[in-house]
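What follows is the content of entry_1.cif (mmCIF, C-alpha atoms).
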```cif
data_protein
#
loop_
_atom_site.label_atom_id
_atom_site.label_comp_id
_atom_site.auth_asym_id
_atom_site.auth_seq_id
_atom_site.Cartn_x
_atom_site.Cartn_y
_atom_site.Cartn_z
CA MET A 507 83.77 108.01 108.82
CA GLY A 508 82.52 107.37 112.33
CA ARG A 509 84.31 108.73 115.33
CA SER A 510 84.13 105.48 117.32
CA ARG A 511 87.55 104.52 115.97
CA ARG A 512 90.70 106.48 116.69
CA THR A 513 92.49 107.72 113.61
CA ILE A 514 96.08 106.84 112.79
CA PRO A 515 97.29 110.43 113.42
CA GLU A 516 95.74 110.30 116.89
CA GLU A 517 97.33 106.93 117.65
CA LEU A 518 100.73 108.04 116.38
CA LEU A 519 100.59 111.10 118.63
CA LEU A 520 99.54 109.02 121.65
CA LEU A 521 102.47 106.67 120.99
CA ALA A 522 104.86 109.62 120.95
CA LEU A 523 103.66 111.13 124.23
CA ASP A 524 106.06 110.50 127.10
CA PRO A 525 103.97 109.49 130.14
CA ALA A 526 106.60 110.81 132.55
CA THR A 527 107.31 114.23 131.06
CA GLY A 528 104.19 114.96 129.03
CA THR A 529 106.33 115.91 126.03
CA THR A 530 106.30 114.35 122.57
CA ALA A 531 109.23 112.30 121.35
CA GLN A 532 110.83 113.28 118.05
CA PRO A 533 108.69 116.44 117.70
CA GLN A 534 110.08 117.64 114.36
CA SER A 535 109.80 114.33 112.55
CA LEU A 536 106.49 113.67 114.33
CA ASP A 537 105.03 116.69 112.55
CA LEU A 538 105.92 115.04 109.24
CA GLY A 539 104.50 111.75 110.44
CA LEU A 540 101.16 113.29 111.34
CA ALA A 541 100.82 114.76 107.84
CA GLY A 542 101.63 111.33 106.42
CA ALA A 543 99.24 109.60 108.82
CA GLN A 544 96.44 111.76 107.45
CA LEU A 545 97.15 110.39 103.97
CA VAL A 546 96.99 106.82 105.24
CA GLU A 547 93.73 107.47 107.07
CA LEU A 548 92.19 109.06 103.97
CA ALA A 549 93.33 106.07 101.89
CA LEU A 550 91.75 103.63 104.34
CA ALA A 551 88.55 105.68 104.10
CA GLY A 552 88.60 105.27 100.31
CA ARG A 553 89.09 108.99 99.61
CA ILE A 554 92.58 108.87 98.08
CA ALA A 555 94.79 106.24 96.48
CA PRO A 556 98.47 105.95 95.54
CA ASP A 557 99.40 106.66 91.93
CA GLY A 558 103.04 105.67 91.70
CA ASP A 559 104.77 108.00 94.17
CA ARG A 560 101.84 110.40 93.98
CA ILE A 561 98.55 110.72 95.82
CA ALA A 562 95.30 110.99 93.86
CA VAL A 563 91.86 111.94 95.18
CA VAL A 564 89.40 109.25 94.08
CA HIS A 565 86.38 110.21 96.18
CA PRO A 566 86.11 113.82 97.43
CA ARG A 567 83.13 113.21 99.73
CA PRO A 568 83.94 114.45 103.28
CA THR A 569 84.74 111.87 105.94
CA GLY A 570 83.07 113.72 108.81
CA ASP A 571 86.41 114.36 110.52
CA PRO A 572 87.10 118.12 110.15
CA THR A 573 90.88 117.79 110.28
CA LEU A 574 91.00 115.02 107.69
CA ASP A 575 88.46 116.82 105.54
CA THR A 576 90.63 119.93 105.47
CA ALA A 577 93.51 117.81 104.16
CA LEU A 578 91.21 116.13 101.64
CA GLU A 579 89.97 119.49 100.35
CA LEU A 580 93.53 120.78 99.97
CA LEU A 581 94.41 117.68 97.97
CA ARG A 582 91.31 118.09 95.83
CA ARG A 583 92.20 121.68 95.02
CA ARG A 584 95.52 120.58 93.58
CA GLY A 585 93.58 119.26 90.60
CA SER A 586 96.10 116.52 89.83
CA PRO A 587 97.95 113.87 91.83
CA VAL A 588 100.62 115.30 94.12
CA ARG A 589 103.90 113.66 95.11
CA ALA A 590 103.73 112.32 98.64
CA VAL A 591 107.03 113.98 99.57
CA HIS A 592 105.78 117.36 98.42
CA TRP A 593 102.57 117.02 100.40
CA ILE A 594 104.29 115.89 103.60
CA GLY A 595 107.00 118.54 103.29
CA GLY A 596 104.59 121.31 102.35
CA PRO A 597 104.07 124.61 104.24
CA ARG A 598 101.15 123.76 106.54
CA LEU A 599 101.32 124.81 110.17
CA GLY A 600 99.77 123.74 113.47
CA LEU A 601 98.87 120.10 112.85
CA ARG A 602 100.39 118.67 116.03
CA GLN A 603 98.70 121.26 118.23
CA THR A 604 95.41 120.68 116.41
CA TYR A 605 95.55 116.99 117.27
CA LEU A 606 96.65 117.64 120.86
CA THR A 607 93.71 120.00 121.31
CA HIS A 608 91.38 117.43 119.79
CA LEU A 609 92.67 114.67 122.08
CA GLU A 610 92.16 116.98 125.05
CA ARG A 611 88.56 117.66 124.02
CA CYS A 612 87.97 113.93 123.69
CA GLY A 613 89.34 113.39 127.18
CA MET A 614 92.31 111.28 126.03
CA VAL A 615 94.91 113.75 127.31
CA HIS A 616 94.93 116.68 129.71
CA ALA A 617 97.01 119.84 129.52
CA VAL A 618 99.48 120.66 132.30
CA ALA A 619 100.63 124.28 132.45
CA GLY A 620 104.21 125.02 133.48
CA GLN A 621 107.15 127.33 132.94
CA MET A 622 110.50 127.02 131.22
CA CYS A 623 113.39 128.54 133.15
CA GLY A 624 110.80 129.89 135.57
CA VAL A 625 109.65 132.49 133.02
CA LEU A 626 108.34 131.15 129.70
CA PRO A 627 104.90 129.51 129.88
CA THR A 628 104.75 125.94 128.61
CA THR A 629 102.04 123.33 128.17
CA ARG A 630 102.59 119.60 128.49
CA TYR A 631 100.04 116.93 127.62
CA GLN A 632 99.67 113.72 129.58
CA ALA A 633 97.45 110.74 128.81
CA THR A 634 94.23 110.73 130.79
CA ASP A 635 93.36 107.11 130.04
CA THR A 636 96.58 105.13 129.91
CA ALA A 637 94.64 102.02 128.89
CA ILE A 638 94.21 103.52 125.41
CA SER A 639 97.95 104.04 125.00
CA ARG A 640 98.59 100.52 126.32
CA GLU A 641 96.15 99.03 123.80
CA ILE A 642 97.91 100.81 120.92
CA ARG A 643 101.30 99.68 122.17
CA THR A 644 100.05 96.11 122.65
CA ARG A 645 99.02 95.92 119.00
CA LEU A 646 102.52 96.94 117.90
CA ASP A 647 104.17 94.58 120.37
CA SER A 648 102.02 91.69 119.17
CA ALA A 649 102.88 92.33 115.53
CA ILE A 650 106.57 92.49 116.39
CA ARG A 651 106.55 89.45 118.67
CA THR A 652 104.42 87.02 116.66
CA GLY A 653 105.54 87.88 113.14
CA VAL A 654 101.94 87.48 111.98
CA PRO A 655 101.10 90.08 109.31
CA PRO A 656 99.19 92.84 111.10
CA ASP A 657 95.99 94.50 109.95
CA PRO A 658 96.49 97.50 107.61
CA ARG A 659 95.97 100.09 110.37
CA THR A 660 98.57 98.53 112.65
CA ALA A 661 100.99 98.01 109.76
CA ALA A 662 100.67 101.66 108.72
CA LEU A 663 101.08 102.83 112.32
CA ALA A 664 104.23 100.72 112.66
CA ALA A 665 105.62 102.10 109.39
CA LEU A 666 105.05 105.69 110.53
CA ALA A 667 106.44 105.03 114.01
CA HIS A 668 109.62 103.76 112.39
CA ALA A 669 109.75 106.62 109.89
CA VAL A 670 109.57 109.37 112.53
CA GLY A 671 112.16 107.68 114.74
CA LEU A 672 109.97 106.42 117.58
CA GLY A 673 111.81 103.10 117.65
CA LYS A 674 114.20 104.12 120.43
CA HIS A 675 111.37 105.77 122.35
CA LEU A 676 109.27 102.60 122.24
CA TYR A 677 112.06 100.00 122.42
CA PRO A 678 115.11 101.64 124.03
CA GLY A 679 118.61 100.37 124.60
CA ASN A 680 120.49 97.39 123.24
CA GLU A 681 117.73 95.08 124.45
CA GLY A 682 115.32 96.83 122.11
CA ARG A 683 117.51 96.54 119.03
CA SER A 684 115.77 93.46 117.61
CA SER A 685 112.32 94.99 118.26
CA ARG A 686 113.36 98.15 116.45
CA SER A 687 114.50 96.06 113.50
CA ARG A 688 111.22 94.17 113.37
CA LEU A 689 109.30 97.46 113.67
CA ARG A 690 111.13 98.63 110.55
CA ASP A 691 110.29 95.37 108.75
CA LEU A 692 106.54 95.87 109.30
CA ILE A 693 106.71 98.67 106.73
CA ARG A 694 106.25 96.11 103.95
CA HIS A 695 102.79 94.98 105.08
CA ASP A 696 100.84 98.05 103.94
CA PRO A 697 101.57 99.61 100.53
CA MET A 698 100.12 103.02 101.37
CA GLY A 699 101.79 103.08 104.79
CA GLY A 700 105.07 102.12 103.14
CA LEU A 701 104.77 104.83 100.50
CA VAL A 702 104.04 107.47 103.12
CA ALA A 703 106.71 106.26 105.53
CA HIS A 704 109.38 106.40 102.84
CA ALA A 705 108.17 109.89 101.87
CA VAL A 706 108.53 111.00 105.51
CA MET A 707 112.09 109.69 105.60
CA ASP A 708 112.87 111.31 102.24
CA VAL A 709 111.74 114.70 103.56
CA GLN A 710 113.90 114.28 106.67
CA ASN A 711 116.87 113.46 104.50
CA GLY A 712 116.35 116.45 102.23
CA VAL A 713 115.52 114.61 99.02
CA ALA A 714 112.00 116.01 98.58
CA ALA A 715 112.97 119.22 96.79
CA GLN A 716 113.51 117.69 93.35
CA PRO A 717 111.90 114.67 91.65
CA ARG A 718 114.20 111.76 90.98
CA ARG A 719 115.49 112.09 87.41
CA ALA A 720 115.26 109.07 85.16
CA ALA A 721 117.42 110.53 82.41
CA ALA A 722 121.14 111.07 82.65
CA ALA A 723 122.60 114.54 82.64
CA ALA A 724 123.68 116.02 79.30
CA GLY A 725 126.86 114.31 78.17
CA GLY A 726 125.57 110.77 78.47
CA GLY A 727 126.58 109.71 81.99
CA ALA A 728 124.45 107.25 83.90
CA SER A 729 122.14 108.83 86.48
CA ARG A 730 123.17 108.47 90.04
CA ARG A 731 120.91 106.79 92.57
CA THR A 732 120.57 108.37 95.96
CA THR A 733 120.88 106.18 99.00
CA VAL A 734 118.65 107.34 101.85
CA ARG A 735 119.79 106.69 105.36
CA THR A 736 116.69 106.15 107.49
CA GLY A 737 118.31 106.79 110.85
CA VAL A 738 116.39 104.00 112.62
CA GLU A 739 119.14 103.34 115.15
CA SER A 740 119.83 106.99 115.87
CA GLY A 741 116.13 107.59 116.37
CA GLY A 742 116.51 111.22 115.41
CA VAL A 743 116.29 113.68 112.57
CA PRO A 744 119.53 114.47 110.72
CA ALA A 745 120.98 117.73 111.98
CA GLN A 746 120.53 119.52 108.65
CA SER A 747 118.08 117.23 106.88
CA SER A 748 115.90 119.72 105.03
CA THR A 749 116.16 123.26 103.84
CA ARG A 750 112.47 123.73 104.43
CA ARG A 751 112.13 122.66 108.05
CA ALA A 752 109.68 125.46 108.74
CA GLY A 753 107.25 123.98 106.25
CA VAL A 754 106.71 120.50 107.64
CA MET A 755 103.47 120.92 109.54
CA ALA A 756 100.00 120.85 108.09
CA ARG A 757 97.36 123.55 108.37
CA ALA A 758 94.21 121.88 109.56
CA GLY A 759 90.71 123.01 110.45
CA ALA A 760 89.61 123.29 114.05
CA THR A 761 88.15 120.06 115.34
#
```

Once more with this new file: its structure as structure tokens, please.
Amino acid sequence: MGRSRRTIPEELLLLALDPATGTTAQPQSLDLGLAGAQLVELALAGRIAPDGDRIAVVHPRPTGDPTLDTALELLRRRGSPVRAVHWIGGPRLGLRQTYLTHLERCGMVHAVAGQMCGVLPTTRYQATDTAISREIRTRLDSAIRTGVPPDPRTAALAALAHAVGLGKHLYPGNEGRSSRSRLRDLIRHDPMGGLVAHAVMDVQNGVAAQPRRAAAAAGGGASRRTTVRTGVESGGVPAQSSTRRAGVMARAGAT
């Protein structure tokens, strides 16, 4: 994989960066989204493929991107297809910071040191070249406005942006309601992006811990179907969505 093209995790992170504050919108769900975006990028590179609700490695050759290759190697070591919700909700730390550091090295963002409450050191990241962020946003806006089916990369990016709750960040207020709805609808244009986006929302809603059961419980009752509330209008993560919140970020190699 060449490095002339930005990856979907990088674009998702650039979309989430607030140009005024230098902070990332929806940080907790964004961590899940970045793990999911890696799966989409690896699928587009022909390294993995969906197998029902699972992810299977079909070509273990490295992509040339150290962060993606770390994820690919972890998937390969599983030995068998892994459920997307288990991968995205797994205990891997530091993925967001890894991508922020990478974007800084590439000159796309710059770090701004500060303090919280005048004591605790903080670091904010602001876009260095706002034209890149505008180009990414323009692609989403065009897909929403025209209704023309977008290319797979844009469709997957839209699906992940919806899944992590960036709708209200990108299209705020009542005037953005229809755009948020159309952003959600773009999820259907890319099967892998849709699979991953739904897995991200499942993890947020706490349904990743157990596989869905096809059989009824002993006694013969019909199995219940769980309705997942995506939270697109609230734009946030449910207050107590997962019992494994600490395990939502991916461990990735240094870029």

Cut-off 12 Å around (102.0, 99.9, 122.3) with all atoms listed in the file: residues as a PyMOL selection string: chain A and resi 517-523+636-651+660+663-664+667+672-673+675-677+689

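The shortest atom-to-atom distance to Asp657 (chain A), with all atoms listed in the file taken into account, belongs to A:Ile693 out of A:Ala531, A:Glu516, A:Ile693, A:Val618.
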
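Shell of Glu610 (chain A) at 12 Å, with only C-alpha atoms counted and residues fewer than 5 places along the chain excluded, is Glu516, Leu520, Gln603, Thr604, Tyr605, Val615, His616, Ala617, Val618, Arg630, Tyr631, Gln632, Ala633, Thr634, Asp635 and Thr761 of chain A.
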
A:Val625, A:Leu580, A:Met707, A:Val654 ranked by distance to Arg688 (chain A), top pick (using all atoms listed in the file): A:Val654

Atom pair CA of Gln534 (chain A) / CA of Leu599 (chain A): separation (Å): 12.1 Å

Output check: residues returned by the PyMOL selection byres ((chain A and resi 555) around 12), as a PyMOL selection string: chain A and resi 545-554+556-566+578+581+587-590+697-699+701-702

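Put simply, CA of Ala526 (chain A) is 15.1 Å away from CA of Pro678 (chain A).
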
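Reported to one decimal place, the separation of CA of Leu666 (chain A) from CA of Gly700 (chain A) is 8.2 Å.
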
Go ahead and find all residues with at least one atom no further than 7 Å from (94.6, 117.1, 106.9) in the file's coordinates, using all atoms listed in the file; report them as an mmCIF file with C-alpha atoms, in the coordinates of the input.
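Result written to out21.cif:
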```
data_model
loop_
_atom_site.group_PDB
_atom_site.id
_atom_site.type_symbol
_atom_site.label_atom_id
_atom_site.label_comp_id
_atom_site.auth_asym_id
_atom_site.auth_seq_id
_atom_site.Cartn_x
_atom_site.Cartn_y
_atom_site.Cartn_z
ATOM 1 C CA ALA A 541 100.820 114.760 107.840
ATOM 2 C CA GLN A 544 96.440 111.760 107.450
ATOM 3 C CA THR A 573 90.880 117.790 110.280
ATOM 4 C CA LEU A 574 91.000 115.020 107.690
ATOM 5 C CA ASP A 575 88.460 116.820 105.540
ATOM 6 C CA THR A 576 90.630 119.930 105.470
ATOM 7 C CA ALA A 577 93.510 117.810 104.160
ATOM 8 C CA LEU A 578 91.210 116.130 101.640
ATOM 9 C CA ALA A 756 100.000 120.850 108.090
ATOM 10 C CA ALA A 758 94.210 121.880 109.560
#
```

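Closest to Leu536 (chain A) among A:His695, A:Leu601, A:Gly570, A:His592 is A:Leu601, based on all atoms listed in the file.
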